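Data block for data07.txt (compact mmCIF, C-alpha atoms):
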# COMPACT_ATOMS: atom_id res chain seq x y z
CA MET A 24 -3.28 3.05 -32.26
CA PRO A 25 -2.11 1.19 -29.12
CA ILE A 26 1.26 -0.55 -29.03
CA SER A 27 1.44 -4.30 -29.57
CA ARG A 28 0.45 -6.44 -26.61
CA VAL A 29 2.70 -9.28 -27.81
CA THR A 30 6.47 -9.31 -27.33
CA LYS A 31 9.58 -11.34 -26.81
CA VAL A 32 11.17 -10.97 -23.37
CA TYR A 33 14.95 -10.86 -23.35
CA ALA A 34 17.15 -10.40 -20.30
CA ILE A 35 16.82 -8.42 -17.10
CA GLN A 36 18.80 -5.23 -16.59
CA ASP A 37 17.72 -3.85 -13.24
CA ALA A 38 15.55 -4.59 -10.23
CA LYS A 39 14.63 -2.58 -7.17
CA ILE A 40 12.87 -3.31 -3.89
CA SER A 41 10.80 -0.70 -2.06
CA ALA A 42 9.38 -1.08 1.43
CA LEU A 43 5.57 -0.94 1.50
CA THR A 44 4.89 1.72 4.14
CA ALA A 45 1.11 2.15 3.75
CA ASP A 46 -1.65 0.18 2.03
CA PRO A 47 -4.89 2.00 2.86
CA SER A 48 -8.28 0.82 1.61
CA GLY A 49 -9.28 2.99 -1.35
CA GLY A 50 -6.09 5.05 -1.22
CA PRO A 51 -2.83 4.69 -3.08
CA ALA A 52 -0.19 2.32 -1.72
CA VAL A 53 2.86 4.16 -0.39
CA TYR A 54 6.40 2.87 -0.86
CA GLY A 55 9.78 3.84 0.56
CA THR A 56 12.90 4.74 -1.43
CA PRO A 57 13.79 2.05 -3.99
CA ILE A 58 16.81 -0.12 -3.11
CA ASP A 59 18.88 -1.63 -5.92
CA VAL A 60 19.03 -5.43 -6.08
CA PRO A 61 22.70 -5.67 -7.14
CA GLY A 62 23.63 -7.99 -9.96
CA ILE A 63 20.06 -9.08 -10.67
CA LYS A 64 20.08 -12.38 -12.52
CA SER A 65 16.44 -13.44 -12.67
CA ILE A 66 12.91 -12.89 -11.44
CA GLU A 67 10.63 -15.87 -11.93
CA ILE A 68 6.91 -15.62 -11.23
CA SER A 69 4.70 -18.64 -10.62
CA GLY A 70 1.35 -19.26 -9.04
CA ASP A 71 -1.25 -21.75 -7.96
CA VAL A 72 -4.77 -22.19 -9.26
CA GLU A 73 -7.33 -24.09 -7.20
CA VAL A 74 -10.11 -25.79 -9.13
CA LYS A 75 -13.42 -26.77 -7.54
CA SER A 76 -15.74 -29.10 -9.40
CA LEU A 77 -19.45 -29.66 -8.84
CA ARG A 78 -20.64 -33.12 -9.74
CA GLY A 79 -24.13 -34.60 -9.73
CA ASP A 80 -26.27 -36.89 -11.85
CA ASN A 81 -23.04 -38.79 -12.60
CA THR A 82 -21.61 -35.86 -14.58
CA LEU A 83 -19.64 -32.63 -14.21
CA LEU A 84 -22.17 -29.83 -13.66
CA ALA A 85 -19.82 -26.91 -13.16
CA SER A 86 -16.28 -25.96 -12.22
CA ASN A 87 -14.70 -22.82 -10.89
CA SER A 88 -11.06 -21.79 -10.67
CA ALA A 89 -9.32 -19.21 -8.52
CA VAL A 90 -5.75 -17.96 -8.21
CA THR A 91 -4.70 -18.90 -4.68
CA ASN A 92 -1.02 -17.93 -4.67
CA VAL A 93 1.46 -15.87 -6.67
CA GLN A 94 5.14 -16.36 -5.88
CA ALA A 95 8.37 -14.70 -7.05
CA SER A 96 11.82 -16.28 -7.01
CA VAL A 97 14.73 -13.85 -7.30
CA SER A 98 18.44 -14.48 -7.76
CA HIS A 99 21.13 -11.81 -7.71
CA ALA A 100 24.91 -11.86 -8.01
CA LYS A 101 25.83 -9.57 -5.12
CA LEU A 102 24.74 -9.53 -1.50
CA SER A 103 23.20 -6.28 -0.24
CA LEU A 104 22.73 -5.64 3.46
CA ASP A 105 20.06 -3.05 2.59
CA VAL A 106 18.11 -5.65 0.57
CA LEU A 107 18.27 -8.02 3.56
CA VAL A 108 16.73 -5.34 5.78
CA ALA A 109 14.02 -4.66 3.18
CA ILE A 110 12.97 -8.31 2.79
CA LEU A 111 13.80 -9.87 6.17
CA GLY A 112 14.21 -7.09 8.71
CA GLY A 113 17.15 -6.64 11.00
CA THR A 114 19.40 -3.62 11.29
CA VAL A 115 22.57 -2.41 9.63
CA THR A 116 25.12 -0.60 11.75
CA ASP A 117 28.07 1.31 10.32
CA SER A 118 31.07 1.94 12.55
CA GLY A 119 34.74 2.87 12.42
CA THR A 120 36.56 5.31 10.17
CA GLY A 121 39.05 4.98 7.35
CA SER A 122 40.56 1.51 7.13
CA THR A 123 38.59 0.35 10.21
CA GLU A 124 35.12 0.93 8.71
CA VAL A 125 32.64 -1.91 9.26
CA SER A 126 29.04 -2.48 8.13
CA THR A 127 27.20 -5.14 10.13
CA TRP A 128 23.74 -6.59 9.46
CA ASP A 129 22.23 -8.14 12.58
CA LEU A 130 19.07 -10.22 12.73
CA SER A 131 17.46 -11.09 16.04
CA GLY A 132 14.18 -12.54 17.21
CA THR A 133 12.86 -9.04 17.86
CA ASN A 134 13.85 -7.42 14.55
CA ALA A 135 13.11 -10.27 12.08
CA THR A 136 9.97 -8.46 10.93
CA LEU A 137 9.47 -9.89 7.42
CA PRO A 138 8.20 -6.52 6.13
CA PRO A 139 6.06 -6.28 2.99
CA PHE A 140 7.83 -4.87 -0.08
CA LYS A 141 7.42 -4.12 -3.78
CA LEU A 142 9.72 -5.68 -6.38
CA GLU A 143 10.14 -4.20 -9.85
CA GLY A 144 12.34 -5.58 -12.62
CA VAL A 145 13.01 -4.25 -16.12
CA THR A 146 14.42 -5.57 -19.39
CA PRO A 147 17.12 -3.62 -21.20
CA ALA A 148 15.96 -1.28 -23.96
CA GLY A 149 15.37 -3.56 -26.94
CA GLY A 150 14.64 -6.52 -24.64
CA VAL A 151 11.13 -6.46 -26.12
CA ASP A 152 9.82 -6.27 -29.70
CA LEU A 153 9.30 -2.51 -29.41
CA VAL A 154 12.48 -0.88 -30.76
CA GLY A 155 13.81 1.27 -27.93
CA GLY A 156 11.11 0.01 -25.57
CA ASP A 157 11.22 -2.15 -22.46
CA MET A 158 9.09 -4.24 -20.15
CA HIS A 159 8.62 -3.79 -16.41
CA VAL A 160 7.29 -6.46 -14.07
CA VAL A 161 5.93 -5.15 -10.77
CA LEU A 162 4.96 -7.33 -7.82
CA HIS A 163 3.13 -4.81 -5.65
CA LYS A 164 3.11 -6.53 -2.24
CA LEU A 165 5.48 -9.36 -1.38
CA THR A 166 6.45 -11.05 1.87
CA LEU A 167 9.39 -13.41 2.21
CA ALA A 168 8.28 -17.06 1.89
CA SER A 169 11.48 -18.70 3.12
CA PHE A 170 14.81 -17.63 4.54
CA PRO A 171 17.06 -16.22 1.76
CA ASP A 172 19.85 -18.40 0.37
CA LEU A 173 23.04 -16.89 1.78
CA GLY A 174 26.48 -18.18 2.65
CA PHE A 175 29.67 -19.21 0.88
CA SER A 176 30.70 -21.62 -1.88
CA GLU A 177 34.08 -23.31 -2.20
CA GLU A 178 36.16 -21.86 -5.05
CA ASP A 179 33.12 -20.26 -6.65
CA TYR A 180 30.83 -17.23 -6.43
CA ARG A 181 27.82 -17.55 -4.18
CA ILE A 182 24.57 -16.38 -5.78
CA ALA A 183 22.09 -14.85 -3.33
CA SER A 184 18.41 -15.69 -3.81
CA PHE A 185 15.04 -15.47 -2.13
CA THR A 186 11.43 -16.50 -2.65
CA ALA A 187 8.48 -14.32 -1.71
CA ASN A 188 4.70 -14.70 -1.78
CA ALA A 189 2.53 -12.00 -3.33
CA GLU A 190 -0.77 -10.82 -1.99
CA PRO A 191 -3.15 -8.26 -3.43
CA LEU A 192 -2.81 -4.67 -2.30
CA ILE A 193 -5.65 -3.51 -0.08
CA ALA A 194 -5.51 -0.15 -1.90
CA ASN A 195 -6.41 -1.49 -5.35
CA GLY A 196 -6.30 -5.31 -5.38
CA LYS A 197 -3.22 -5.52 -7.65
CA TRP A 198 -0.84 -8.50 -7.35
CA VAL A 199 1.27 -8.28 -10.50
CA SER A 200 1.59 -5.72 -13.29
CA ILE A 201 3.44 -6.21 -16.58
CA VAL A 202 4.03 -2.92 -18.36
CA LEU A 203 5.25 -2.59 -21.96
CA ASN A 204 6.77 0.82 -22.69
CA GLU A 205 7.24 2.11 -26.23
CA THR A 206 10.15 4.14 -24.86
CA ALA A 207 12.39 2.52 -22.23
CA ALA A 208 11.86 3.92 -18.72
CA VAL A 209 13.90 3.61 -15.53
CA ILE A 210 12.41 2.05 -12.43
CA ALA A 211 10.80 4.88 -10.45
Same coordinates, now as structure tokens:
Amino acid sequence: MPISRVTKVYAIQDAKISALTADPSGGPAVYGTPIDVPGIKSIEISGDVEVKSLRGDNTLLASNSAVTNVQASVSHAKLSLDVLVAILGGTVTDSGTGSTEVSTWDLSGTNATLPPFKLEGVTPAGGVDLVGGDMHVVLHKLTLASFPDLGFSEEDYRIASFTANAEPLIANGKWVSIVLNETAAVIA
């Protein structure tokens, strides 16, 4: 008997971003090594539906609806230079040794590539109705929709966030997957 398709959704425990390196027609999508989104706070998914109506004879004859946009908004507690490269482009350079070590993320007009990426988030075990189970949300192909919220905040922590638009994979047409696991599983 299949597991229940109905569940509560409580909390988010982990999220990872993976660069989309290949999206061939008819073949599997290929992703790079997952990068942790540190201090993940939320992933919110929204979308737009466009409705077309056909009228005639002073009445509604037909209507048709289509999903025209899927968008994800992500907030996380810690800034990651590797996440910035994955979602925005740029380069990270490490230099120095010992107490003079420095990591620098640089963005320029030539390396602001806005690469496509996958985002996967997961509830903690028990964050769903299945005892010991979890739920994964996968957005298969995202591209940044606006510049990420970065910077400082006076006498407070600054929460990093970004918004990205989804598009269907060429490989299989998938935009979003929600996976309920009877036994909790780590993000692969």
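Using only C-alpha atoms, the residues found no farther than 9 Å from range 65-78 of chain A, other than those of its own chain fewer than 3 positions away, are Ala34, Ile35, Ala38, Asn81, Thr82, Leu83, Leu84, Ala85, Ser86, Asn87, Ser88, Ala89, Val90, Thr91, Asn92, Val93, Gln94, Ala95, Ser96, Val97, Ser98, His99, Gly144 and Val160 of chain A.
In this structure, CA of Val161 in chain A sits 10.7 Å away from CA of Ala189 in chain A.
Atom to atom, CA of Pro139 in chain A and CA of Lys164 in chain A stand 6.0 Å apart.
Note that the spacing between CA of Ser169 in chain A and CA of Ser200 in chain A amounts to 23.1 Å.
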With 5 Å on each side, where is the centre of the axis-aligned box around all listed atoms of range 111-123 of chain A, and how long are its edges in Å to one decimal, as JSON?
{"center_x": 27.2, "center_y": -2.3, "center_z": 9.4, "size_x": 36.8, "size_y": 25.2, "size_z": 16.4}
(message) List as a ChimeraX atom specification the protein and nucleic acid residues near Lys39 in chain A, meaning an atom at most 6 Å away when only C-alpha atoms are counted, but skip any in the same chain fewer than 3 places from it.
(response) /A:57-60,142-143
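Each of A:Thr123, A:Lys101, A:Leu130, A:Leu137 was checked against Gly62 in chain A using all atoms listed in the file; the smallest atom-to-atom distance is that of A:Lys101.
Taking all atoms listed in the file into account, Thr166 in chain A lies nearest to A:Ser41 out of the set A:Thr30, A:Ser41, A:Ser103, A:Thr56.
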(request) Might you pull out every residue within 12 Å of Gly196 in chain A, with all atoms listed in the file counted and same-chain residues fewer than 6 positions away left off, and present them as a list in words? (result) Asp46, Pro47, Ser48, Gly49, Gly50, Pro51, Ala52, Leu162, His163, Lys164, Ala189 and Glu190 of chain A
(request) Find the residue from A:Gly55, A:Pro25, A:Pro191, A:Pro61 that sits nearest to Leu102 in chain A; use only C-alpha atoms when measuring. (result) A:Pro61
(message) With only C-alpha atoms as the counted atoms, please give the residues lying no more than 9 Å from range 171-176 of chain A, apart from itself and same-chain residues fewer than 5 positions off, as a list in words.
(response) Leu102, Leu107, Ile110, Leu111, Arg181, Ile182, Ala183, Ser184, Phe185 and Thr186 of chain A
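Shortest atom-to-atom contact with Leu165 in chain A among A:Ala42, A:Ile201, A:Val53, A:Val125: A:Ala42, counting all atoms listed in the file.
When the distance limit is 10 Å and all atoms listed in the file are what count, the residues near Gly155 in chain A, minus those fewer than 4 positions from it on the same chain, are A:Pro147, A:Ala148, A:Gly149, A:Gly150, A:Val151, A:Asn204, A:Glu205, A:Thr206, A:Ala207, A:Ala208.
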Export of prior selection with C-alpha atoms as a JSON list (two decimals), in the coordinates of the input:
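That gives us part_37.json:
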[["chain", "number", "residue", "atom", "x", "y", "z"],
["A", 147, "PRO", "CA", 17.12, -3.62, -21.20],
["A", 148, "ALA", "CA", 15.96, -1.28, -23.96],
["A", 149, "GLY", "CA", 15.37, -3.56, -26.94],
["A", 150, "GLY", "CA", 14.64, -6.52, -24.64],
["A", 151, "VAL", "CA", 11.13, -6.46, -26.12],
["A", 204, "ASN", "CA", 6.77, 0.82, -22.69],
["A", 205, "GLU", "CA", 7.24, 2.11, -26.23],
["A", 206, "THR", "CA", 10.15, 4.14, -24.86],
["A", 207, "ALA", "CA", 12.39, 2.52, -22.23],
["A", 208, "ALA", "CA", 11.86, 3.92, -18.72]]
Export range 153-177 of chain A from the structure block above, keeping N, CA, C and O atoms, as a PDB file, in the first residue's frame.
ATOM      1  N   LEU A 153       4.565  11.260   8.452  1.00  0.00           N
ATOM      2  CA  LEU A 153       5.192   9.942   8.457  1.00  0.00           C
ATOM      3  C   LEU A 153       6.247   9.895   9.554  1.00  0.00           C
ATOM      4  O   LEU A 153       7.245  10.627   9.501  1.00  0.00           O
ATOM      5  N   VAL A 154       6.058   9.077  10.565  1.00  0.00           N
ATOM      6  CA  VAL A 154       7.003   8.983  11.676  1.00  0.00           C
ATOM      7  C   VAL A 154       8.356   8.541  11.123  1.00  0.00           C
ATOM      8  O   VAL A 154       8.464   7.503  10.469  1.00  0.00           O
ATOM      9  N   GLY A 155       9.372   9.363  11.340  1.00  0.00           N
ATOM     10  CA  GLY A 155      10.706   9.061  10.834  1.00  0.00           C
ATOM     11  C   GLY A 155      10.906   9.434   9.379  1.00  0.00           C
ATOM     12  O   GLY A 155      11.978   9.228   8.821  1.00  0.00           O
ATOM     13  N   GLY A 156       9.885   9.994   8.745  1.00  0.00           N
ATOM     14  CA  GLY A 156       9.980  10.376   7.340  1.00  0.00           C
ATOM     15  C   GLY A 156      10.318  11.841   7.177  1.00  0.00           C
ATOM     16  O   GLY A 156      10.482  12.583   8.150  1.00  0.00           O
ATOM     17  N   ASP A 157      10.430  12.274   5.935  1.00  0.00           N
ATOM     18  CA  ASP A 157      10.695  13.688   5.641  1.00  0.00           C
ATOM     19  C   ASP A 157      10.094  14.057   4.292  1.00  0.00           C
ATOM     20  O   ASP A 157       9.540  13.216   3.590  1.00  0.00           O
ATOM     21  N   MET A 158      10.218  15.341   3.962  1.00  0.00           N
ATOM     22  CA  MET A 158       9.754  15.828   2.678  1.00  0.00           C
ATOM     23  C   MET A 158      10.861  16.649   2.028  1.00  0.00           C
ATOM     24  O   MET A 158      11.487  17.478   2.692  1.00  0.00           O
ATOM     25  N   HIS A 159      11.110  16.385   0.764  1.00  0.00           N
ATOM     26  CA  HIS A 159      12.069  17.150  -0.031  1.00  0.00           C
ATOM     27  C   HIS A 159      11.306  17.968  -1.065  1.00  0.00           C
ATOM     28  O   HIS A 159      10.345  17.472  -1.654  1.00  0.00           O
ATOM     29  N   VAL A 160      11.741  19.202  -1.263  1.00  0.00           N
ATOM     30  CA  VAL A 160      11.232  20.034  -2.345  1.00  0.00           C
ATOM     31  C   VAL A 160      12.406  20.295  -3.270  1.00  0.00           C
ATOM     32  O   VAL A 160      13.479  20.735  -2.821  1.00  0.00           O
ATOM     33  N   VAL A 161      12.232  19.984  -4.550  1.00  0.00           N
ATOM     34  CA  VAL A 161      13.297  20.154  -5.538  1.00  0.00           C
ATOM     35  C   VAL A 161      12.810  21.100  -6.622  1.00  0.00           C
ATOM     36  O   VAL A 161      11.762  20.860  -7.232  1.00  0.00           O
ATOM     37  N   LEU A 162      13.547  22.167  -6.838  1.00  0.00           N
ATOM     38  CA  LEU A 162      13.324  23.056  -7.979  1.00  0.00           C
ATOM     39  C   LEU A 162      14.472  22.751  -8.932  1.00  0.00           C
ATOM     40  O   LEU A 162      15.634  23.030  -8.633  1.00  0.00           O
ATOM     41  N   HIS A 163      14.155  22.119 -10.054  1.00  0.00           N
ATOM     42  CA  HIS A 163      15.153  21.497 -10.918  1.00  0.00           C
ATOM     43  C   HIS A 163      16.020  22.465 -11.717  1.00  0.00           C
ATOM     44  O   HIS A 163      17.179  22.151 -12.008  1.00  0.00           O
ATOM     45  N   LYS A 164      15.472  23.616 -12.099  1.00  0.00           N
ATOM     46  CA  LYS A 164      16.233  24.552 -12.931  1.00  0.00           C
ATOM     47  C   LYS A 164      15.802  25.972 -12.588  1.00  0.00           C
ATOM     48  O   LYS A 164      14.723  26.416 -12.977  1.00  0.00           O
ATOM     49  N   LEU A 165      16.641  26.656 -11.845  1.00  0.00           N
ATOM     50  CA  LEU A 165      16.368  28.024 -11.425  1.00  0.00           C
ATOM     51  C   LEU A 165      17.401  28.972 -12.004  1.00  0.00           C
ATOM     52  O   LEU A 165      18.542  28.587 -12.240  1.00  0.00           O
ATOM     53  N   THR A 166      16.987  30.223 -12.195  1.00  0.00           N
ATOM     54  CA  THR A 166      17.894  31.304 -12.563  1.00  0.00           C
ATOM     55  C   THR A 166      17.519  32.501 -11.714  1.00  0.00           C
ATOM     56  O   THR A 166      16.329  32.794 -11.530  1.00  0.00           O
ATOM     57  N   LEU A 167      18.513  33.173 -11.196  1.00  0.00           N
ATOM     58  CA  LEU A 167      18.286  34.320 -10.326  1.00  0.00           C
ATOM     59  C   LEU A 167      17.349  35.323 -10.992  1.00  0.00           C
ATOM     60  O   LEU A 167      17.503  35.640 -12.172  1.00  0.00           O
ATOM     61  N   ALA A 168      16.356  35.824 -10.231  1.00  0.00           N
ATOM     62  CA  ALA A 168      15.372  36.769 -10.763  1.00  0.00           C
ATOM     63  C   ALA A 168      15.686  38.211 -10.392  1.00  0.00           C
ATOM     64  O   ALA A 168      15.216  39.134 -11.041  1.00  0.00           O
ATOM     65  N   SER A 169      16.449  38.392  -9.331  1.00  0.00           N
ATOM     66  CA  SER A 169      16.870  39.727  -8.916  1.00  0.00           C
ATOM     67  C   SER A 169      18.161  39.578  -8.115  1.00  0.00           C
ATOM     68  O   SER A 169      18.484  38.486  -7.646  1.00  0.00           O
ATOM     69  N   PHE A 170      18.871  40.670  -7.978  1.00  0.00           N
ATOM     70  CA  PHE A 170      20.133  40.629  -7.248  1.00  0.00           C
ATOM     71  C   PHE A 170      19.862  40.195  -5.808  1.00  0.00           C
ATOM     72  O   PHE A 170      18.890  40.637  -5.200  1.00  0.00           O
ATOM     73  N   PRO A 171      20.699  39.318  -5.230  1.00  0.00           N
ATOM     74  CA  PRO A 171      20.453  38.852  -3.859  1.00  0.00           C
ATOM     75  C   PRO A 171      20.526  40.000  -2.851  1.00  0.00           C
ATOM     76  O   PRO A 171      21.242  40.978  -3.053  1.00  0.00           O
ATOM     77  N   ASP A 172      19.758  39.858  -1.770  1.00  0.00           N
ATOM     78  CA  ASP A 172      19.810  40.830  -0.676  1.00  0.00           C
ATOM     79  C   ASP A 172      21.043  40.542   0.169  1.00  0.00           C
ATOM     80  O   ASP A 172      21.117  39.501   0.835  1.00  0.00           O
ATOM     81  N   LEU A 173      22.002  41.443   0.122  1.00  0.00           N
ATOM     82  CA  LEU A 173      23.252  41.319   0.854  1.00  0.00           C
ATOM     83  C   LEU A 173      23.470  42.603   1.642  1.00  0.00           C
ATOM     84  O   LEU A 173      22.714  43.551   1.505  1.00  0.00           O
ATOM     85  N   GLY A 174      24.507  42.657   2.422  1.00  0.00           N
ATOM     86  CA  GLY A 174      24.859  43.898   3.101  1.00  0.00           C
ATOM     87  C   GLY A 174      24.974  43.732   4.597  1.00  0.00           C
ATOM     88  O   GLY A 174      25.275  42.651   5.095  1.00  0.00           O
ATOM     89  N   PHE A 175      24.722  44.834   5.311  1.00  0.00           N
ATOM     90  CA  PHE A 175      24.868  44.891   6.754  1.00  0.00           C
ATOM     91  C   PHE A 175      23.587  45.420   7.374  1.00  0.00           C
ATOM     92  O   PHE A 175      22.739  45.997   6.693  1.00  0.00           O
ATOM     93  N   SER A 176      23.463  45.275   8.691  1.00  0.00           N
ATOM     94  CA  SER A 176      22.322  45.816   9.423  1.00  0.00           C
ATOM     95  C   SER A 176      22.823  46.318  10.775  1.00  0.00           C
ATOM     96  O   SER A 176      23.529  45.595  11.482  1.00  0.00           O
ATOM     97  N   GLU A 177      22.457  47.542  11.128  1.00  0.00           N
ATOM     98  CA  GLU A 177      22.936  48.120  12.378  1.00  0.00           C
ATOM     99  C   GLU A 177      22.457  47.318  13.581  1.00  0.00           C
ATOM    100  O   GLU A 177      21.266  47.067  13.733  1.00  0.00           O
TER     101      GLU A 177
END
